[in-house]
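Notes follow the structure.
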Amino acid sequence: MEWIGNIALYVVLACGVIGCVASIIARESALAQAYMNGFYAIGHIFVAIAGIFASIPYIVSLVESIVSPLYSLAHIDPSLAITSILAIDMGGYQVAMQSAKSLEGATMAMFVGFMAGATIVFSIPVGLRIIPKAAHKDFALGIMIGFLGIPFGVLVSCLFIMLDPVLIRDHIATQGKPTYLLDFSLPFIVWNLMPLAVFCLVVSLGLYYVRKVMLVGFYVLGFVVDMWGKVFLTLLLIEHFSGGISYVFGGFPFDPVFADESDTMRALEIAGYTGLVLSGTFVLCALLNTALKLSHKPNALLFGGILACASNVLAAYPMLANLSPKARIQIVAFSVCGGFLIGDHLSFSANFQPSLIVPIMLGKLAGALLALWLARFFIGQK
């Protein structure tokens with residue numbers, strides 16, 4: 001089934017070529033702007049992930065000292081705990097591969113990080129900064145609904161592999177053939193899903209019953225992640241050009257974020273590769289949005305927001321201010337599992353684990369569609 005993922009990549013690449021041509025012959029066109037926005041996103045992505053990548057040794061140590069013993073007692077893979085709050089493309093993949101007790105656990109953690117982790121550490125803080133305060137209530141409700149779809153999405157991804165086992169790379173690399181055949185069993189999947197299901201239910205209930213408290217928590221989380229990213233980049237600037245941090249502390253106490261001989265794919269390179277793919281996915285979304293507008297369908301704006309989410313929430317959230325509360329809730333609910341579907345997450349999967357593209361996309365789409373279905377009920381109760 002890997003050929004399906006390859007087709008998706010080739011479509012994105014073709015759209016990148018279209019965007020390149022448009023940026024040369026029609027620089028002010030929507031396609032040209034979409035193409036360039038993919039490259040402009042590299043800076044935003046690097047600022048968000050650099051500090052997290054550099055802190056991986058400390059995060060792994062924290063997981064191993066606090067979370068691992070608790071999860072091990074329950075025979076649950078500890079890597080799932082960290083990716084519940086840390087996005088896979090923000091260091092979660094590296095932490096999961098280092099802290100997992102098995103490659104099956106690491107793979108399951110990868111599915112979790114593409115949905116829960118990406119929402120907690122990126123989508124929520126970014127959304128609270130971009131979306132007007134008047135729409136925060138709708139944003140919170142959409143996030144709550146979306147979280148209810150995460151366990152289902154992870155379950156779909158795991159069941160797909162259980163029914164059709166795939167080979168994966170057994171170490172962190174962007175080159176080389178996959179050699180390890182995943183072996184999922186239903187008891188393993190269900191048992192390891194239990195903490196995630198409880199976590200998602202608690203987050204959803206919190207957003208429903210104590211929304212203001214949860215929003216304050218999300219603001220604090222977003223501020224801490226944003227602050228640490230900026231502080232780290234300043235420290236990195238000082239160290240890179242003067243060696244001042246090493247002089248004071250006897251060494252630079254963080255992991256490197258630039259590629260070297262030991263690791264050719266670190267934060268800067270991941271941000272760059274993601275931007276390259278986003279240049280094509282943004283063009284794809286622009287083409288689909290144009291087709292929807294020309295169709296004059298009443299739900300064209302809703303579909304357009306969903307398509308934007310599927311590339312990157314940075315493209316979708318600014319649109320919410322001009323939409324109805326109902327459309328906002330549905331788009332945000334979709335974004336929890338369906339966000340970055342054909343953008344960052346497709347790019348990251350293609351680089352590190354291309355054989356997992358299909359189960360990842362199916363699981364994210366399944367969770368997102370369930371969230372859209374649940375949104376109808378919650379909107380009626382709003």
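Ordered as shown in the structure tokens, chains take letters A, B, and onward, while each chain numbers its residues from 1 and ligands are numbered from 1 in the order shown.
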
Using only C-alpha atoms, I'd like a table of the residues in range 101-133 of chain A that come within 10 Å of range 203-221 of chain A; for each, show the closest atom pair and its distance in Å rounded to one decimal, ordered by chain and ascending number, as JSON lines.
{"residue": "A:Ile120", "atom": "CA", "partner": "A:Phe218", "partner_atom": "CA", "distance": 8.0}
{"residue": "A:Val121", "atom": "CA", "partner": "A:Leu221", "partner_atom": "CA", "distance": 7.5}
{"residue": "A:Phe122", "atom": "CA", "partner": "A:Leu221", "partner_atom": "CA", "distance": 9.6}
{"residue": "A:Ile124", "atom": "CA", "partner": "A:Phe218", "partner_atom": "CA", "distance": 6.7}
{"residue": "A:Pro125", "atom": "CA", "partner": "A:Phe218", "partner_atom": "CA", "distance": 6.3}
{"residue": "A:Val126", "atom": "CA", "partner": "A:Tyr219", "partner_atom": "CA", "distance": 9.5}
{"residue": "A:Gly127", "atom": "CA", "partner": "A:Tyr219", "partner_atom": "CA", "distance": 9.9}
{"residue": "A:Leu128", "atom": "CA", "partner": "A:Tyr219", "partner_atom": "CA", "distance": 7.1}
{"residue": "A:Arg129", "atom": "CA", "partner": "A:Tyr219", "partner_atom": "CA", "distance": 8.6}

Practice task
Just the residues within 9 Å of Ile189 in chain A, please, counting only C-alpha atoms, with nothing from its chain fewer than 2 positions along; format it as a list of chain:residue names.
Solution key: A:Met108, A:Leu155, A:Cys158, A:Leu159, A:Phe184, A:Ser185, A:Leu186, A:Pro187, A:Trp191, A:Asn192, A:Leu193, A:Met194

Problem - Members of range 94-311 of chain A assigned alpha helix (DSSP H) by DSSP, as a VMD selection string - result: chain A and resid 94 to 99 103 to 112 118 124 to 130 136 to 148 150 to 163 186 to 209 211 to 242 244 to 249 267 to 295 300 to 311

Practice task
Just the residues within 10 Å of range 32-45 of chain A, please, counting only C-alpha atoms, with nothing from its chain fewer than 4 positions along; format it as an NGL selection string.
Solution key: :A and (15-28 or 49-50 or 89-90 or 122 or 267-287 or 311-312 or 314-315 or 343-344)

Problem - strand (DSSP E) call set, DSSP backbone run, range 90-317 of chain A, as number ranges by chain - result: A: 167-168, 180-181

Can you write out the residues you just picked, keeping C-alpha atoms, as a JSON list (two decimals), in the first residue's frame?
[["chain", "number", "residue", "atom", "x", "y", "z"],
["A", 167, "LEU", "CA", 8.14, -2.90, 7.27],
["A", 168, "ILE", "CA", 9.60, 0.18, 9.00],
["A", 180, "TYR", "CA", 11.54, -4.40, 10.78],
["A", 181, "LEU", "CA", 8.11, -5.99, 10.29]]
